[in-house]
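query39.txt (compact mmCIF, C-alpha atoms and all ligand atoms)
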```
# COMPACT_ATOMS: atom_id res chain seq x y z
CA MET L 1 1.60 27.88 -12.07
CA GLU L 2 1.07 24.25 -11.10
CA THR L 3 3.84 21.94 -12.22
CA GLU L 4 2.99 18.83 -14.23
CA GLU L 5 3.77 16.72 -11.19
CA GLU L 6 1.40 18.74 -9.01
CA LYS L 7 -1.35 18.34 -11.59
CA PHE L 8 -0.74 14.58 -11.66
CA ASP L 9 -0.78 14.37 -7.86
CA ALA L 10 -3.98 16.39 -7.71
CA LEU L 11 -5.68 13.96 -10.11
CA ILE L 12 -4.51 11.01 -8.02
CA ASP L 13 -5.63 12.68 -4.78
CA ALA L 14 -9.05 13.36 -6.26
CA ASP L 15 -9.23 9.66 -7.25
CA ASP L 16 -9.59 10.78 -10.85
CA ARG L 17 -8.26 8.80 -13.79
CA ILE L 18 -4.98 9.30 -15.61
CA GLU L 19 -5.25 9.02 -19.40
CA PRO L 20 -2.45 8.15 -21.85
CA THR L 21 -1.86 11.71 -23.08
CA ASP L 22 -1.45 13.06 -19.52
CA TRP L 23 1.96 13.77 -18.07
CA MET L 24 2.94 11.02 -15.62
CA PRO L 25 6.03 10.22 -13.53
CA GLU L 26 8.43 7.93 -15.36
CA ASN L 27 8.14 5.36 -12.59
CA TYR L 28 4.36 5.32 -12.75
CA ARG L 29 4.62 4.58 -16.48
CA LYS L 30 7.28 1.90 -15.99
CA THR L 31 5.42 0.24 -13.13
CA LEU L 32 2.23 0.11 -15.18
CA ILE L 33 3.93 -1.25 -18.30
CA ARG L 34 5.56 -3.97 -16.22
CA GLN L 35 2.36 -4.86 -14.38
CA ILE L 36 0.05 -4.78 -17.41
CA ALA L 37 2.55 -6.77 -19.49
CA GLN L 38 2.92 -9.39 -16.77
CA HIS L 39 -0.85 -9.56 -16.51
CA ALA L 40 -1.21 -9.93 -20.31
CA HIS L 41 1.46 -12.64 -20.44
CA SER L 42 -0.36 -14.50 -17.64
CA GLU L 43 -3.57 -14.58 -19.65
CA ILE L 44 -1.70 -15.89 -22.69
CA ILE L 45 0.40 -18.52 -20.89
CA GLY L 46 -2.70 -19.37 -18.86
CA MET L 47 -4.24 -20.91 -21.97
CA GLN L 48 -1.74 -23.78 -21.84
CA PRO L 49 -2.75 -25.76 -18.72
CA GLU L 50 -6.39 -25.73 -19.84
CA GLY L 51 -5.60 -26.14 -23.53
CA ASN L 52 -4.01 -29.43 -22.48
CA TRP L 53 -7.52 -30.84 -21.91
CA LEU L 54 -9.36 -29.42 -24.92
CA THR L 55 -9.17 -32.63 -26.92
CA ARG L 56 -10.00 -34.78 -23.90
CA ALA L 57 -12.97 -32.97 -22.39
CA PRO L 58 -15.54 -35.58 -21.26
CA SER L 59 -18.40 -34.31 -23.44
CA LEU L 60 -19.03 -32.11 -26.45
CA ARG L 61 -20.63 -29.50 -24.18
CA ARG L 62 -17.64 -29.43 -21.83
CA LYS L 63 -15.36 -29.15 -24.83
CA ALA L 64 -17.31 -26.17 -26.21
CA ILE L 65 -17.25 -24.50 -22.78
CA LEU L 66 -13.53 -25.02 -22.34
CA THR L 67 -12.81 -23.76 -25.85
CA ALA L 68 -14.83 -20.62 -25.12
CA LYS L 69 -12.98 -20.07 -21.85
CA VAL L 70 -9.55 -20.51 -23.40
CA GLN L 71 -10.56 -18.14 -26.19
CA ASP L 72 -11.63 -15.60 -23.55
CA GLU L 73 -8.18 -15.81 -21.95
CA ALA L 74 -6.57 -15.05 -25.31
CA GLY L 75 -8.89 -12.06 -25.55
CA HIS L 76 -7.91 -10.89 -22.07
CA GLY L 77 -4.29 -10.97 -23.11
CA LEU L 78 -5.09 -8.87 -26.17
CA TYR L 79 -7.12 -6.28 -24.20
CA LEU L 80 -4.17 -5.92 -21.85
CA TYR L 81 -1.49 -5.64 -24.54
CA GLY L 82 -3.70 -2.92 -26.02
CA ALA L 83 -3.82 -1.09 -22.68
CA ALA L 84 -0.02 -1.36 -22.33
CA GLU L 85 0.45 0.06 -25.82
CA THR L 86 -1.23 3.30 -24.79
CA LEU L 87 1.80 3.85 -22.55
CA GLY L 88 4.16 3.97 -25.51
CA THR L 89 5.31 0.38 -25.75
CA ASP L 90 4.09 -2.17 -28.22
CA ARG L 91 2.92 -5.72 -28.19
CA SER L 92 5.81 -7.15 -30.18
CA GLU L 93 8.29 -5.55 -27.79
CA LEU L 94 6.50 -7.08 -24.80
CA LEU L 95 6.34 -10.49 -26.46
CA ASP L 96 10.06 -10.30 -27.21
CA LEU L 97 10.70 -9.56 -23.52
CA LEU L 98 8.52 -12.50 -22.47
CA HIS L 99 10.20 -14.85 -24.93
CA ALA L 100 13.62 -13.73 -23.72
CA GLY L 101 12.57 -14.50 -20.14
CA ARG L 102 12.89 -10.84 -19.16
CA GLN L 103 9.24 -10.40 -18.20
CA LYS L 104 7.25 -12.78 -16.04
CA TYR L 105 3.78 -14.29 -15.90
CA SER L 106 1.80 -15.61 -12.95
CA SER L 107 3.48 -18.61 -11.33
CA ILE L 108 0.23 -20.50 -11.03
CA PHE L 109 0.48 -21.50 -14.68
CA ASN L 110 3.67 -23.43 -14.03
CA TYR L 111 1.70 -26.25 -12.40
CA PRO L 112 0.54 -29.22 -14.50
CA THR L 113 -3.06 -30.27 -15.24
CA LEU L 114 -2.95 -33.99 -14.55
CA THR L 115 -6.64 -34.92 -14.59
CA TRP L 116 -9.95 -33.52 -15.81
CA ALA L 117 -10.70 -32.41 -12.24
CA ASP L 118 -7.83 -29.92 -12.58
CA ILE L 119 -9.94 -28.06 -15.13
CA GLY L 120 -12.66 -27.76 -12.50
CA ALA L 121 -10.17 -26.68 -9.85
CA ILE L 122 -8.61 -24.05 -12.11
CA GLY L 123 -11.96 -22.47 -12.96
CA TRP L 124 -13.14 -22.53 -9.37
CA LEU L 125 -9.90 -21.58 -7.58
CA VAL L 126 -7.54 -19.92 -10.05
CA ASP L 127 -10.19 -17.87 -11.82
CA GLY L 128 -11.78 -17.22 -8.42
CA ALA L 129 -8.51 -15.80 -7.14
CA ALA L 130 -8.02 -13.87 -10.37
CA ILE L 131 -11.44 -12.27 -9.89
CA MET L 132 -10.48 -11.21 -6.34
CA ASN L 133 -7.36 -9.59 -7.78
CA GLN L 134 -9.04 -8.05 -10.79
CA VAL L 135 -12.17 -6.48 -9.34
CA PRO L 136 -10.23 -3.76 -7.45
CA LEU L 137 -8.18 -3.15 -10.62
CA CYS L 138 -11.36 -1.94 -12.33
CA ARG L 139 -10.77 1.18 -10.19
CA CYS L 140 -7.09 1.48 -11.12
CA SER L 141 -5.99 5.10 -11.61
CA PHE L 142 -4.84 4.42 -15.18
CA GLY L 143 -7.92 4.64 -17.43
CA PRO L 144 -7.07 2.14 -20.20
CA TYR L 145 -6.04 -0.54 -17.67
CA ALA L 146 -9.19 0.01 -15.60
CA ARG L 147 -11.39 -0.20 -18.71
CA ALA L 148 -9.70 -3.40 -19.87
CA MET L 149 -10.29 -4.85 -16.42
CA VAL L 150 -14.01 -4.03 -16.55
CA ARG L 151 -14.27 -5.94 -19.82
CA ILE L 152 -12.29 -8.85 -18.38
CA CYS L 153 -14.24 -9.04 -15.13
CA LYS L 154 -17.49 -9.30 -17.08
CA GLU L 155 -16.16 -12.47 -18.70
CA GLU L 156 -14.55 -14.04 -15.64
CA SER L 157 -17.70 -14.96 -13.79
CA PHE L 158 -18.55 -17.62 -16.34
CA HIS L 159 -15.05 -19.05 -15.93
CA GLN L 160 -15.42 -19.56 -12.22
CA ARG L 161 -18.96 -20.89 -12.41
CA GLN L 162 -18.18 -23.51 -15.06
CA GLY L 163 -15.22 -24.67 -12.95
CA PHE L 164 -17.27 -24.94 -9.81
CA GLN L 165 -19.89 -26.88 -11.71
CA ILE L 166 -17.27 -29.39 -12.88
CA MET L 167 -16.20 -29.81 -9.23
CA LEU L 168 -19.82 -30.18 -8.14
CA THR L 169 -20.46 -32.86 -10.74
CA LEU L 170 -17.36 -34.80 -9.72
CA ALA L 171 -18.01 -34.35 -6.00
CA ASN L 172 -21.48 -35.84 -6.44
CA GLY L 173 -20.26 -38.62 -8.71
CA THR L 174 -18.63 -41.99 -8.09
CA ASP L 175 -15.98 -42.55 -5.40
CA ALA L 176 -13.30 -42.36 -8.07
CA GLN L 177 -14.66 -39.02 -9.30
CA ARG L 178 -14.85 -37.62 -5.77
CA GLU L 179 -11.25 -38.70 -5.15
CA MET L 180 -10.20 -37.05 -8.37
CA ALA L 181 -11.83 -33.79 -7.27
CA GLN L 182 -10.20 -33.98 -3.84
CA ASP L 183 -6.81 -34.69 -5.41
CA ALA L 184 -7.15 -31.64 -7.66
CA LEU L 185 -8.07 -29.46 -4.67
CA ASN L 186 -5.07 -30.86 -2.78
CA ARG L 187 -2.69 -29.86 -5.54
CA TRP L 188 -4.21 -26.48 -6.47
CA TRP L 189 -5.08 -25.05 -3.07
CA TRP L 190 -1.70 -23.76 -1.92
CA PRO L 191 -0.48 -22.51 -5.28
CA THR L 192 -3.74 -20.56 -5.55
CA VAL L 193 -3.31 -19.07 -2.07
CA MET L 194 0.15 -17.94 -3.23
CA MET L 195 -1.31 -16.22 -6.31
CA PHE L 196 -1.86 -13.08 -4.27
CA GLY L 197 1.89 -12.62 -3.99
CA PRO L 198 4.25 -12.26 -1.03
CA ALA L 199 3.01 -11.24 2.40
CA ASP L 200 2.50 -7.49 2.84
CA ALA L 201 5.64 -7.23 4.95
CA ASP L 202 7.63 -8.59 1.99
CA SER L 203 6.12 -6.51 -0.83
CA PRO L 204 8.37 -3.47 -1.06
CA HIS L 205 6.51 -1.70 -3.90
CA SER L 206 3.05 -2.03 -2.43
CA GLU L 207 2.98 1.29 -0.63
CA GLN L 208 3.93 3.38 -3.66
CA ASN L 209 1.44 1.46 -5.83
CA MET L 210 -1.31 2.09 -3.27
CA ARG L 211 -0.43 5.78 -3.26
CA TRP L 212 -0.68 5.84 -7.07
CA GLY L 213 -4.01 4.03 -7.13
CA ILE L 214 -2.51 1.15 -9.10
CA LYS L 215 -3.11 -1.20 -6.21
CA ARG L 216 -6.21 -0.78 -4.07
CA ILE L 217 -6.16 -3.71 -1.65
CA SER L 218 -3.07 -5.34 -0.13
CA ASN L 219 -1.91 -8.88 -1.00
CA ASP L 220 -2.77 -10.25 2.44
CA ASP L 221 -6.21 -8.62 2.51
CA LEU L 222 -7.05 -10.02 -0.92
CA ARG L 223 -5.79 -13.46 0.12
CA GLN L 224 -7.99 -13.34 3.21
CA LYS L 225 -11.03 -12.34 1.17
CA PHE L 226 -10.40 -15.26 -1.17
CA ILE L 227 -10.04 -17.75 1.68
CA ASP L 228 -13.17 -16.53 3.44
CA ALA L 229 -15.17 -16.84 0.23
CA THR L 230 -13.75 -20.23 -0.75
CA VAL L 231 -13.83 -22.27 2.46
CA PRO L 232 -17.65 -22.45 2.56
CA GLN L 233 -17.66 -23.41 -1.13
CA ALA L 234 -15.36 -26.36 -0.40
CA GLU L 235 -17.70 -27.39 2.42
CA LEU L 236 -20.60 -27.25 0.01
CA LEU L 237 -18.69 -29.58 -2.31
CA GLY L 238 -17.95 -31.90 0.61
CA LEU L 239 -14.23 -31.59 -0.11
CA THR L 240 -11.46 -30.97 2.41
CA ILE L 241 -9.04 -28.07 2.10
CA PRO L 242 -5.54 -29.50 2.55
CA ASP L 243 -4.62 -27.41 5.58
CA PRO L 244 -4.86 -29.00 9.06
CA ASP L 245 -4.45 -25.56 10.68
CA LEU L 246 -7.38 -24.00 8.87
CA HIS L 247 -9.98 -22.78 11.37
CA TRP L 248 -12.50 -20.01 11.97
CA ASP L 249 -11.04 -17.27 14.15
CA GLU L 250 -13.86 -16.13 16.45
CA GLU L 251 -12.09 -12.96 17.39
CA ARG L 252 -11.05 -11.78 13.92
CA GLU L 253 -14.23 -13.23 12.38
CA THR L 254 -12.28 -14.71 9.53
CA TYR L 255 -10.45 -17.95 8.65
CA ASP L 256 -6.90 -18.50 9.86
CA ILE L 257 -4.70 -20.67 7.65
CA GLY L 258 -1.49 -22.58 8.23
CA GLU L 259 1.99 -21.47 7.21
CA ILE L 260 2.45 -20.71 3.51
CA ASP L 261 5.47 -22.43 1.96
CA TRP L 262 7.20 -19.36 0.57
CA ASP L 263 10.20 -21.42 -0.51
CA GLU L 264 7.97 -23.16 -3.00
CA PHE L 265 6.63 -19.81 -4.18
CA TRP L 266 10.09 -18.35 -4.80
CA THR L 267 11.29 -21.57 -6.44
CA VAL L 268 8.50 -21.37 -9.00
CA VAL L 269 8.90 -17.60 -9.49
CA GLY L 270 12.60 -18.23 -10.01
CA GLY L 271 11.89 -20.50 -12.97
CA ASN L 272 12.14 -23.90 -11.29
CA GLY L 273 8.50 -24.91 -10.96
CA PRO L 274 7.20 -28.14 -12.48
CA CYS L 275 6.32 -26.66 -15.90
CA ASN L 276 8.25 -23.38 -16.35
CA ASP L 277 10.48 -24.64 -19.17
CA ASP L 278 7.64 -26.42 -20.90
CA ARG L 279 5.38 -23.34 -20.84
CA MET L 280 8.05 -21.10 -22.31
CA ALA L 281 9.07 -23.65 -24.96
CA THR L 282 5.43 -24.03 -26.02
CA LYS L 283 4.90 -20.26 -26.15
CA VAL L 284 8.05 -19.51 -28.15
CA GLY L 285 7.42 -22.52 -30.39
CA ALA L 286 3.87 -21.39 -31.17
CA TYR L 287 5.10 -17.91 -31.98
CA ASN L 288 7.82 -19.15 -34.30
CA GLU L 289 5.57 -21.69 -35.98
CA GLY L 290 3.05 -18.91 -36.62
CA GLU L 291 5.59 -16.84 -38.52
CA TRP L 292 4.48 -18.08 -41.95
CA VAL L 293 0.86 -17.17 -41.17
CA ARG L 294 1.84 -13.61 -40.23
CA GLU L 295 4.02 -13.34 -43.33
CA ALA L 296 1.27 -14.63 -45.60
CA ALA L 297 -1.31 -12.23 -44.16
CA SER L 298 1.07 -9.30 -44.57
CA ALA L 299 1.90 -10.28 -48.15
CA TYR L 300 -1.81 -10.63 -48.93
CA ALA L 301 -2.54 -7.19 -47.47
CA ILE L 302 0.19 -5.61 -49.64
CA LYS L 303 -1.11 -7.37 -52.74
CA GLN L 304 -4.70 -6.31 -52.08
CA ALA L 305 -3.65 -2.70 -51.51
CA ALA L 306 -1.69 -2.69 -54.81
CA ARG L 307 -4.66 -4.19 -56.62
CA ALA L 308 -6.99 -1.56 -55.20
CA LYS L 309 -4.63 1.15 -56.44
CA GLU L 310 -4.58 -0.38 -59.92
CA VAL L 311 -8.35 -0.41 -60.09
CA ALA L 312 -8.47 3.20 -58.96
CA ALA L 313 -5.86 4.29 -61.52
CA MET D 1 12.49 -6.70 -32.39
CA SER D 2 9.72 -8.53 -34.19
CA ALA D 3 7.53 -6.34 -36.38
CA ASP D 4 3.84 -6.20 -35.62
CA TRP D 5 0.85 -5.33 -37.76
CA PRO D 6 -0.56 -1.83 -37.39
CA ALA D 7 -3.10 -1.07 -34.66
CA TRP D 8 -6.75 -0.31 -35.43
CA GLU D 9 -9.29 1.39 -33.18
CA VAL D 10 -12.49 -0.62 -32.88
CA PHE D 11 -15.98 0.87 -32.52
CA VAL D 12 -18.99 -1.30 -31.77
CA ARG D 13 -22.68 -0.51 -32.27
CA ALA D 14 -24.36 -2.48 -29.50
CA ARG D 15 -27.80 -2.52 -31.13
CA ARG D 16 -29.89 -0.60 -33.62
CA GLY D 17 -30.61 2.96 -32.58
CA VAL D 18 -27.36 3.68 -30.72
CA ASN D 19 -23.97 5.08 -31.74
CA HIS D 20 -20.86 3.09 -32.42
CA VAL D 21 -18.80 3.30 -29.23
CA HIS D 22 -15.06 2.86 -28.88
CA ALA D 23 -14.24 -0.61 -27.52
CA GLY D 24 -10.46 -0.96 -27.85
CA THR D 25 -7.86 -1.93 -30.42
CA VAL D 26 -6.74 -4.85 -32.55
CA HIS D 27 -3.67 -5.46 -34.69
CA ALA D 28 -4.20 -6.51 -38.31
CA PRO D 29 -2.43 -6.26 -41.66
CA ASP D 30 -5.47 -4.77 -43.40
CA ALA D 31 -8.99 -3.51 -42.81
CA GLY D 32 -10.66 -6.81 -43.65
CA LEU D 33 -8.68 -8.76 -41.09
CA ALA D 34 -9.08 -5.91 -38.60
CA ILE D 35 -12.86 -6.36 -38.85
CA GLU D 36 -12.52 -10.11 -38.41
CA ASN D 37 -10.21 -9.76 -35.43
CA ALA D 38 -12.51 -7.16 -33.91
CA ARG D 39 -15.43 -9.52 -34.32
CA ASP D 40 -13.57 -12.31 -32.54
CA LEU D 41 -12.32 -10.05 -29.78
CA TYR D 42 -15.19 -7.71 -29.02
CA THR D 43 -18.43 -9.41 -30.07
CA ARG D 44 -18.27 -13.01 -28.85
CA ARG D 45 -21.33 -12.53 -26.64
CA SER D 46 -23.72 -10.57 -28.86
CA GLU D 47 -22.16 -7.26 -27.83
CA GLY D 48 -22.70 -5.73 -31.25
CA VAL D 49 -24.56 -5.57 -34.55
CA SER D 50 -22.04 -3.43 -36.43
CA LEU D 51 -18.31 -2.66 -36.31
CA TRP D 52 -16.09 0.18 -37.43
CA VAL D 53 -12.31 -0.04 -37.56
CA VAL D 54 -10.01 2.93 -38.12
CA ARG D 55 -6.26 2.80 -38.34
CA SER D 56 -4.99 4.18 -35.03
CA SER D 57 -2.45 6.33 -36.88
CA ASP D 58 -5.32 8.03 -38.75
CA VAL D 59 -7.01 9.28 -35.58
CA VAL D 60 -6.48 12.99 -35.02
CA SER D 61 -6.70 14.05 -31.41
CA SER D 62 -6.97 17.42 -29.71
CA ASP D 63 -3.74 18.57 -28.10
CA PRO D 64 -3.77 17.66 -24.40
CA ASP D 65 -1.57 20.69 -23.65
CA GLU D 66 -4.19 22.97 -25.14
CA ARG D 67 -6.92 21.37 -23.07
CA HIS D 68 -7.51 24.55 -21.11
CA SER D 69 -7.84 26.98 -24.00
CA MET D 70 -9.98 24.41 -25.83
CA PHE D 71 -12.45 23.42 -23.14
CA ASP D 72 -12.36 25.91 -20.28
CA PRO D 73 -14.27 28.68 -22.10
CA ALA D 74 -17.40 26.51 -21.78
CA ALA D 75 -17.08 26.40 -18.00
CA ASP D 76 -18.35 29.95 -17.27
CA LYS D 77 -21.30 29.82 -19.67
CA SER D 78 -23.84 28.32 -17.36
CA TYR D 79 -26.56 30.24 -19.25
CA ARG D 80 -26.26 27.49 -21.84
CA GLN D 81 -27.77 25.07 -19.33
CA PRO D 82 -31.53 24.77 -18.74
CA THR D 83 -30.89 24.66 -14.99
CA ASP D 84 -29.65 28.25 -15.15
CA TYR D 85 -33.24 29.51 -15.43
CA GLU D 86 -35.34 29.62 -12.32
CA LEU D 87 -39.04 29.64 -13.11
CA PRO D 88 -42.12 29.84 -10.84
CA PRO D 89 -43.20 26.38 -9.57
CA GLU D 90 -46.49 26.72 -11.45
CA VAL D 91 -44.53 26.09 -14.63
CA ALA D 92 -44.29 22.43 -13.87
CA HIS D 93 -42.71 20.95 -17.00
CA MET D 94 -40.59 23.09 -19.21
FE FE L 401 -8.57 -14.09 -17.81
FE FE L 402 -10.46 -16.55 -16.62
```

I need this file expressed as structure tokens, please.
Amino acid sequence: METEEEKFDALIDADDRIEPTDWMPENYRKTLIRQIAQHAHSEIIGMQPEGNWLTRAPSLRRKAILTAKVQDEAGHGLYLYGAAETLGTDRSELLDLLHAGRQKYSSIFNYPTLTWADIGAIGWLVDGAAIMNQVPLCRCSFGPYARAMVRICKEESFHQRQGFQIMLTLANGTDAQREMAQDALNRWWWPTVMMFGPADADSPHSEQNMRWGIKRISNDDLRQKFIDATVPQAELLGLTIPDPDLHWDEERETYDIGEIDWDEFWTVVGGNGPCNDDRMATKVGAYNEGEWVREAASAYAIKQAARAKEVAA
Amino acid sequence: MSADWPAWEVFVRARRGVNHVHAGTVHAPDAGLAIENARDLYTRRSEGVSLWVVRSSDVVSSDPDERHSMFDPAADKSYRQPTDYELPPEVAHM
């Protein structure tokens, strides 16, 4: 008879999907919970830098667009918490871990949004990089995660396009607007390039995750794809990517970039980026301030249920 | 640990004439709020014209360990498939 582990391996080898009720190695489960939770937290914390501009969007249309985008990000978080819950954890547990600083979220959201152009740069670059990361996850071996990613990817395209359009408008505007767009690109470029995580040589878990079909494309390959797609877009905007070493490599037929400042990356991951404390304080504060709403809704539900029983009796 | 509201399975009917299809879950204290949360989460872009919510704990599922005795017997009954019957080419559509 095949052991459970052999059955699991056979499904993985056949590039089939694993579903929540299947047997799975404890490490596969743990890795997925950690990754999906971190992904969910990123969506939720990711609302803050953009939320910062909701009341100051330059027109009613831009305000409606940004509200819709931020609402989408909340939804992405909820899809992902739902996917994590199929692995036997629950949302409140994951939120407790986030609030206690024991689970992380993407470092990109620890950078501030100083001007309106940052909203354009986030949509264009940050959501663009997120799409690069997320499209291969639609083929993740764990069914609920893959299905959540399909739903998310469908909504992401609008995010990137609205961001690029903001950049386009600014780039074709006054000198001051063009400078604002360039300044946003200057500040967001490198953090976005770092979003793909450490270089392949420094990602110890990558190989196992590839084997398990949790990861499909390596950090460096995804980063390269992002750069190759984005450089021509910056040219189209007439903006300059802040990297003097950036050039087309004839031989590799791809763009080469300058040295990535990994010290900065690890500083931000380690909790010492420009906004880490602020993001966490806002998140925990919002959760605590929402306590009375949750209590009221629960009390109302109990009352309604009792009333329904009375009527029935 | 903070307590959370119960989970509900959400089913969406995309348009008239098709079944409700499972979309995902929401948390809510009661059915009314589950419907409202499901609306906000799963139908922001005209994805549906009707919603069902069912408490996740009320869903009864087949036992994954009995998958083989449940579903394998169907595997060797190819005579239940129309493709199992080879007919002369003159019988064009049947
Ligand atoms: Fe998202
Ligand atoms: Fe997004």

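Nearest-residue note for Ala34 (chain D): choosing from D:Asp58, D:Glu9, D:Asp63, D:Glu47, the minimum distance belongs to D:Glu9, counting only C-alpha atoms.
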
For ligand FE 401 (chain L), collect every residue having any atom at a distance of at most 6 Å from a ligand atom (counting only C-alpha atoms and all ligand atoms); output as a list in words.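 The distance check yields Glu43, Glu73 and His76 of chain L.
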
Kindly provide, as a VMD selection string, all nucleotide and amino acid residues lying within 6 Å of ligand FE 402 (chain L), counting only C-alpha atoms and all ligand atoms. chain L and resid 73 127 156 159

Straight-line distance linking CA of Asp200 (chain L) with CA of Ala83 (chain L), stated in Å to one decimal: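 Computing the Euclidean distance for CA of Asp200 (chain L) and CA of Ala83 (chain L) yields 27.1 Å.
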
Counting only C-alpha atoms, chain L residues within 6 Å of chain D, as a VMD selection string: chain L and resid 75 92 298 301

Do a neighbour search on Arg187 (chain L) at 12 Å with all atoms listed in the file, toss out local chain neighbours closer than 4 positions, and write the hits as a list in words.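 What passes the distance filter is Ile108, Tyr111, Pro112, Thr113, Leu114, Thr115, Ala117, Asp118, Ala121, Ile122, Leu125, Val126, Met180, Ala181, Gln182, Asp183, Pro191, Thr192, Val193, Thr240, Ile241, Pro242 and Asp243 of chain L.
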
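Here CA of Asp22 (chain L) stands at a distance of 10.2 Å from CA of Leu87 (chain L).
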
For CA of Gly197 (chain L) and CA of Ile214 (chain L), the interatomic separation in Å (one decimal):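 So the two atoms, CA of Gly197 (chain L) and CA of Ile214 (chain L), lie 15.3 Å apart.
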
Taking all atoms of region 15-27 of chain D that appear in the file, build a box with edges along x, y and z, extend it by 8 Å on every side, and state its centre and edge lengths in Å to one decimal, as JSON.
```
{"center_x": -17.1, "center_y": -0.2, "center_z": -31.1, "size_x": 42.9, "size_y": 26.5, "size_z": 23.2}
```

Please return, as a ChimeraX atom specification, all polymer residues that have at least one atom within 12 Å of the point (-23.9, -8.3, -32.9); use all atoms listed in the file and the file's own coordinate frame. /D:12-16,20,38-40,42-51
